[in-house]
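The file upload36.cif comes next; it holds mmCIF, C-alpha atoms and all ligand atoms.
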data_entry
loop_
_atom_site.label_atom_id
_atom_site.label_comp_id
_atom_site.auth_asym_id
_atom_site.auth_seq_id
_atom_site.Cartn_x
_atom_site.Cartn_y
_atom_site.Cartn_z
CA MET N 1 -214.65 23.77 -81.33
CA ALA N 2 -214.64 27.51 -80.81
CA ASN N 3 -211.62 28.66 -82.80
CA ASN N 4 -211.73 25.95 -85.39
CA LYS N 5 -211.99 27.46 -88.87
CA ALA N 6 -211.71 24.13 -90.66
CA LYS N 7 -214.58 23.29 -93.00
CA LEU N 8 -215.90 20.22 -94.72
CA PHE N 9 -216.16 20.72 -98.49
CA VAL N 10 -218.48 18.02 -99.73
CA PHE N 11 -218.72 17.38 -103.48
CA SER N 12 -221.46 15.36 -105.12
CA ALA N 13 -222.31 14.81 -108.74
CA PRO N 14 -223.63 12.15 -111.03
CA SER N 15 -220.72 9.99 -112.20
CA GLY N 16 -219.19 11.36 -115.39
CA SER N 17 -219.76 15.01 -114.40
CA GLY N 18 -216.07 15.78 -114.05
CA LYS N 19 -216.28 15.73 -110.26
CA THR N 20 -213.08 13.74 -109.68
CA THR N 21 -211.07 16.14 -111.86
CA ILE N 22 -212.51 19.13 -110.02
CA VAL N 23 -211.81 17.59 -106.61
CA ARG N 24 -208.19 16.91 -107.63
CA ASP N 25 -207.87 20.54 -108.67
CA VAL N 26 -209.19 21.67 -105.27
CA LEU N 27 -206.57 19.57 -103.49
CA LYS N 28 -203.88 21.07 -105.72
CA ASN N 29 -205.07 24.65 -105.10
CA PHE N 30 -205.48 24.17 -101.37
CA PRO N 31 -202.54 21.97 -100.36
CA ASP N 32 -203.42 22.19 -96.65
CA PHE N 33 -206.72 20.41 -97.24
CA GLU N 34 -207.05 16.65 -96.84
CA PHE N 35 -209.16 14.29 -98.92
CA SER N 36 -211.55 12.05 -96.99
CA ILE N 37 -210.60 8.60 -98.29
CA SER N 38 -213.79 6.53 -98.15
CA ALA N 39 -213.97 2.81 -97.60
CA THR N 40 -215.61 0.73 -100.33
CA THR N 41 -216.25 -2.89 -101.25
CA ARG N 42 -216.21 -2.26 -104.99
CA LYS N 43 -213.31 -3.50 -107.09
CA LYS N 44 -210.34 -1.23 -107.64
CA ARG N 45 -210.15 0.27 -111.14
CA ALA N 46 -206.86 0.09 -113.04
CA ASN N 47 -206.08 3.77 -112.43
CA GLU N 48 -206.82 3.67 -108.70
CA LYS N 49 -204.63 3.09 -105.66
CA ASP N 50 -205.61 1.44 -102.39
CA LYS N 51 -205.50 3.85 -99.42
CA VAL N 52 -205.26 6.81 -101.85
CA ASP N 53 -208.53 6.76 -103.80
CA TYR N 54 -210.36 4.46 -101.41
CA TYR N 55 -209.72 1.92 -98.71
CA PHE N 56 -210.69 -1.15 -100.71
CA ILE N 57 -212.02 -3.60 -98.12
CA THR N 58 -214.15 -6.74 -98.09
CA GLU N 59 -217.87 -6.77 -97.37
CA ALA N 60 -217.18 -8.53 -94.05
CA GLU N 61 -214.73 -5.81 -93.01
CA PHE N 62 -217.21 -3.12 -94.07
CA LYS N 63 -219.97 -4.66 -91.99
CA GLU N 64 -217.68 -4.83 -88.97
CA LYS N 65 -217.03 -1.12 -89.32
CA ILE N 66 -220.77 -0.42 -89.51
CA GLU N 67 -221.27 -2.43 -86.31
CA ALA N 68 -218.41 -0.62 -84.60
CA GLY N 69 -219.93 2.78 -85.50
CA GLU N 70 -216.87 3.81 -87.52
CA PHE N 71 -218.81 5.59 -90.28
CA VAL N 72 -220.21 9.13 -90.37
CA GLU N 73 -222.46 7.78 -93.11
CA TRP N 74 -222.51 4.89 -95.53
CA GLU N 75 -224.55 3.87 -98.56
CA LYS N 76 -224.97 0.74 -100.62
CA PHE N 77 -225.38 1.12 -104.34
CA TYR N 78 -224.55 -0.85 -107.46
CA ASP N 79 -224.25 -3.79 -105.01
CA TYR N 80 -221.27 -2.16 -103.31
CA TYR N 81 -220.85 -0.36 -100.02
CA TYR N 82 -219.27 3.08 -99.66
CA GLY N 83 -218.68 4.90 -96.38
CA THR N 84 -217.08 7.98 -94.83
CA LEU N 85 -214.75 7.17 -91.95
CA LYS N 86 -215.37 9.15 -88.77
CA ASN N 87 -211.78 9.02 -87.54
CA ILE N 88 -210.53 10.78 -90.71
CA VAL N 89 -212.98 13.66 -90.33
CA ASP N 90 -212.52 14.05 -86.58
CA GLY N 91 -208.76 13.71 -86.84
CA ASN N 92 -208.63 16.54 -89.39
CA LEU N 93 -211.01 18.74 -87.42
CA SER N 94 -208.96 18.32 -84.26
CA LYS N 95 -205.94 19.56 -86.24
CA ASN N 96 -207.92 22.43 -87.79
CA ILE N 97 -207.57 20.90 -91.27
CA SER N 98 -210.32 21.33 -93.85
CA THR N 99 -211.51 18.10 -95.46
CA VAL N 100 -212.70 17.47 -99.00
CA PHE N 101 -215.27 14.75 -99.68
CA GLU N 102 -216.50 13.09 -102.83
CA VAL N 103 -219.69 11.26 -101.93
CA ASP N 104 -223.16 10.63 -103.29
CA VAL N 105 -226.00 13.10 -102.66
CA LYS N 106 -227.50 11.26 -99.71
CA GLY N 107 -224.09 10.90 -98.07
CA ALA N 108 -223.52 14.65 -98.51
CA LEU N 109 -226.75 15.52 -96.71
CA LYS N 110 -225.87 13.13 -93.88
CA ILE N 111 -222.42 14.70 -93.50
CA LYS N 112 -224.06 18.12 -93.20
CA ASP N 113 -226.41 16.77 -90.52
CA ALA N 114 -223.45 15.44 -88.57
CA TYR N 115 -221.17 18.49 -89.08
CA SER N 116 -222.75 21.93 -89.36
CA ASN N 117 -219.50 23.41 -90.76
CA SER N 118 -220.07 21.51 -94.03
CA VAL N 119 -220.31 23.24 -97.40
CA LEU N 120 -222.15 21.16 -99.99
CA ILE N 121 -221.15 21.67 -103.63
CA PHE N 122 -223.04 19.93 -106.43
CA ILE N 123 -221.29 19.54 -109.79
CA ALA N 124 -223.97 19.32 -112.47
CA PRO N 125 -223.43 18.00 -115.98
CA PRO N 126 -224.64 20.34 -118.76
CA GLY N 127 -227.36 17.79 -119.57
CA ILE N 128 -228.19 14.12 -119.26
CA GLU N 129 -227.19 13.42 -122.89
CA GLU N 130 -223.67 14.80 -122.39
CA LEU N 131 -223.40 12.75 -119.24
CA LYS N 132 -224.25 9.53 -121.08
CA GLU N 133 -221.66 10.37 -123.73
CA ARG N 134 -218.94 11.02 -121.14
CA LEU N 135 -219.68 7.77 -119.34
CA ILE N 136 -219.59 5.77 -122.55
CA LYS N 137 -216.31 7.42 -123.58
CA ARG N 138 -214.77 6.74 -120.16
CA ASN N 139 -215.42 3.06 -120.82
CA THR N 140 -214.71 1.91 -117.26
CA GLU N 141 -218.05 0.18 -116.66
CA THR N 142 -219.88 -2.84 -118.04
CA ASP N 143 -223.12 -2.13 -119.98
CA GLU N 144 -225.18 -3.18 -116.97
CA ASP N 145 -223.25 -0.88 -114.60
CA LEU N 146 -223.50 1.93 -117.14
CA LYS N 147 -227.29 1.63 -117.26
CA LYS N 148 -227.49 1.70 -113.45
CA ARG N 149 -225.22 4.75 -113.30
CA ILE N 150 -227.36 6.68 -115.79
CA GLU N 151 -230.53 5.93 -113.82
CA ARG N 152 -228.75 6.95 -110.67
CA ALA N 153 -227.56 10.20 -112.31
CA GLU N 154 -231.17 11.16 -112.96
CA MET N 155 -232.02 10.55 -109.29
CA GLU N 156 -228.96 12.49 -108.05
CA LEU N 157 -229.83 15.52 -110.19
CA SER N 158 -233.14 15.80 -108.36
CA PHE N 159 -231.21 16.52 -105.12
CA LYS N 160 -229.21 19.49 -106.31
CA GLN N 161 -231.51 22.15 -104.81
CA GLN N 162 -230.56 20.91 -101.35
CA PHE N 163 -226.90 21.84 -101.89
CA ASP N 164 -225.29 25.15 -100.84
CA TYR N 165 -223.79 25.64 -104.32
CA VAL N 166 -224.46 24.19 -107.78
CA VAL N 167 -221.65 24.45 -110.35
CA THR N 168 -222.58 23.41 -113.89
CA ASN N 169 -219.63 21.87 -115.66
CA ILE N 170 -220.07 23.23 -119.19
CA ASN N 171 -216.43 24.17 -119.46
CA LEU N 172 -214.01 22.39 -117.14
CA SER N 173 -211.58 25.25 -116.54
CA GLU N 174 -214.45 27.63 -115.75
CA ALA N 175 -216.00 25.09 -113.39
CA LYS N 176 -212.65 24.67 -111.62
CA ALA N 177 -212.30 28.44 -111.25
CA GLU N 178 -215.82 28.78 -109.88
CA VAL N 179 -215.20 26.06 -107.29
CA LYS N 180 -211.95 27.80 -106.27
CA ARG N 181 -213.83 31.09 -105.77
CA ILE N 182 -216.51 29.38 -103.68
CA ILE N 183 -213.91 27.79 -101.39
CA GLU N 184 -211.93 31.02 -101.01
CA SER N 185 -215.07 32.92 -100.05
CA GLU N 186 -216.10 30.21 -97.58
CA ILE N 187 -212.68 30.21 -95.94
CA ASN N 188 -212.63 34.00 -95.69
CA LYS N 189 -216.16 34.18 -94.29
CA GLU N 190 -215.09 33.16 -90.81
CA LYS N 191 -211.95 35.26 -90.59
P1 LIG L 1 -217.30 5.31 -107.84
O1 LIG L 1 -217.61 3.85 -107.79
O2 LIG L 1 -217.55 5.90 -109.21
O3 LIG L 1 -215.93 5.65 -107.29
O4 LIG L 1 -218.33 6.02 -106.86
C1 LIG L 1 -219.69 5.80 -106.97
C2 LIG L 1 -220.42 6.78 -106.11
O5 LIG L 1 -220.11 6.58 -104.73
C3 LIG L 1 -220.07 8.24 -106.41
O6 LIG L 1 -221.28 9.00 -106.43
C4 LIG L 1 -219.21 8.61 -105.22
O7 LIG L 1 -219.23 9.99 -104.96
C5 LIG L 1 -219.90 7.83 -104.14
N1 LIG L 1 -219.11 7.66 -102.92
C6 LIG L 1 -217.79 7.46 -102.80
N2 LIG L 1 -217.44 7.37 -101.52
C7 LIG L 1 -218.57 7.52 -100.78
C8 LIG L 1 -218.86 7.54 -99.39
O8 LIG L 1 -218.01 7.41 -98.53
N3 LIG L 1 -220.15 7.72 -99.04
C9 LIG L 1 -221.15 7.87 -99.95
N4 LIG L 1 -222.38 8.06 -99.48
N5 LIG L 1 -220.92 7.86 -101.27
C10 LIG L 1 -219.64 7.69 -101.69
#
What's the C-alpha cells form of this structure?
Ligand code: 5GP
Amino acid sequence: MANNKAKLFVFSAPSGSGKTTIVRDVLKNFPDFEFSISATTRKKRANEKDKVDYYFITEAEFKEKIEAGEFVEWEKFYDYYYGTLKNIVDGNLSKNISTVFEVDVKGALKIKDAYSNSVLIFIAPPGIEELKERLIKRNTETDEDLKKRIERAEMELSFKQQFDYVVTNINLSEAKAEVKRIIESEINKEK
C-alpha cells in the first residue's frame, strides 16, 4: 500500500495500569482513528457494551472464527479467548484509517509481525505494588481472577523491552500527554 500513511497503534499493559483510560484519550485526541474491537468469550462487565468494548461471543463462535482464519492473532488466558479481527484492521487500512489496539503483549508482537506499520506502546505501572492496589480498588474481579491477573502482570512486564515505546504511568495526565506526543511524531514521520 504505497501511499497509505495509516498506522497501527498497539497498546499493551498489565491490567490496572491505566491503559484503557489512556486508549480512550487517544481516541478523543485523534478522532479519525478507529479502535480495533476484539472478540472475546469472557463475560461482559457492568460498564461495558457489546460491539463497543468487545464483540462478546460464545466459545463455539470464537472457535469457528479461528477455523475460518478470521483473526490476525488470538490468545487464551484466564480461561477466556481474546482475538483481533482481521477484517477490522484490513478495512481500516484500505480506507487509510489508523487503528488503535488494546491487546496483551504476545498479541502486540504478533500484530507487528503481520503488519510492519505497527507502533507498539507499552504502558508500565510505576511498580507492582501500585498495580496490586489499583486492581484491588477497581474491584471488578473475583479473588481468584485477581491473583491470576497479578501473576500475569509480572509476566507482561518482562516483555516491555520488545516494544517501540514504554510510557510509565506515574501521573495519568503526563502519561496521556506523552502518548499524544509519540503518536503525533509517528504520524508526522511519514509525511
Ligand atoms: P480484559 O479482560 O481486562 O478486558 O482484558 C484482558 C487482557 O486481554 C488485556 O491484557 C487485554 O489487553 C487483552 N486483550 C483484549 N483483546 C485482545 C485481543 O484481541 N488479543 C489479545 N492478544 N489480547 C487481547
What do you get as an MDAnalysis selection string if you pick all residues at most 9 Å from ligand LIG 1 (chain L), counting all atoms listed in the file? chainID N and resid 11:16 19:20 36:40 42:45 53:54 71:78 80:85 101:108 110:111 149 152:153 156
For a quick check of understanding, using only C-alpha atoms, which of N:Ala177, N:Ile57, N:Leu8, N:Leu157 has the smallest distance to Ile128 in chain N? N:Leu157
Pick from N:Val167, N:Asn188, N:Ser173, N:Phe62: nearest to Pro126 in chain N, with only C-alpha atoms counted?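 Selected residue with least distance to Pro126 in chain N: N:Val167.
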Measuring between only C-alpha atoms, which one of N:Lys176, N:Lys160, N:Lys5, N:Lys65 shows the shortest distance to Lys95 in chain N? N:Lys5
Contacts of Ile183 in chain N at 12 Å or less, counting all atoms listed in the file, minus same-chain residues fewer than 6 places along, as number ranges by chain? N: 6-11, 23, 25-27, 29-30, 33, 98-100, 118-121, 164-165, 176-177, 189-190
Need the shell around Arg134 in chain N: protein/DNA/RNA residues with any atom at most 10 Å away, counting all atoms listed in the file. Skip same-chain ones fewer than 4 positions apart. Format as a PyMOL selection string? chain N and resi 15-18+125+128-130+138-139
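Taking CA of Asn47 in chain N and CA of Lys28 in chain N as the two end points, the separation is 18.7 Å.
In this model, the gap between CA of Leu93 in chain N and CA of Ser116 in chain N comes to 12.3 Å.
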Selected residue of minimal separation from Lys180 in chain N among N:Ile136, N:Ile22, N:Leu109, N:Ala46, counting only C-alpha atoms: N:Ile22
Return the single residue from N:Glu70, N:Asp143, N:Asp79, N:Glu64 that is closest to Thr41 in chain N, with distances computed using all atoms listed in the file. N:Asp79
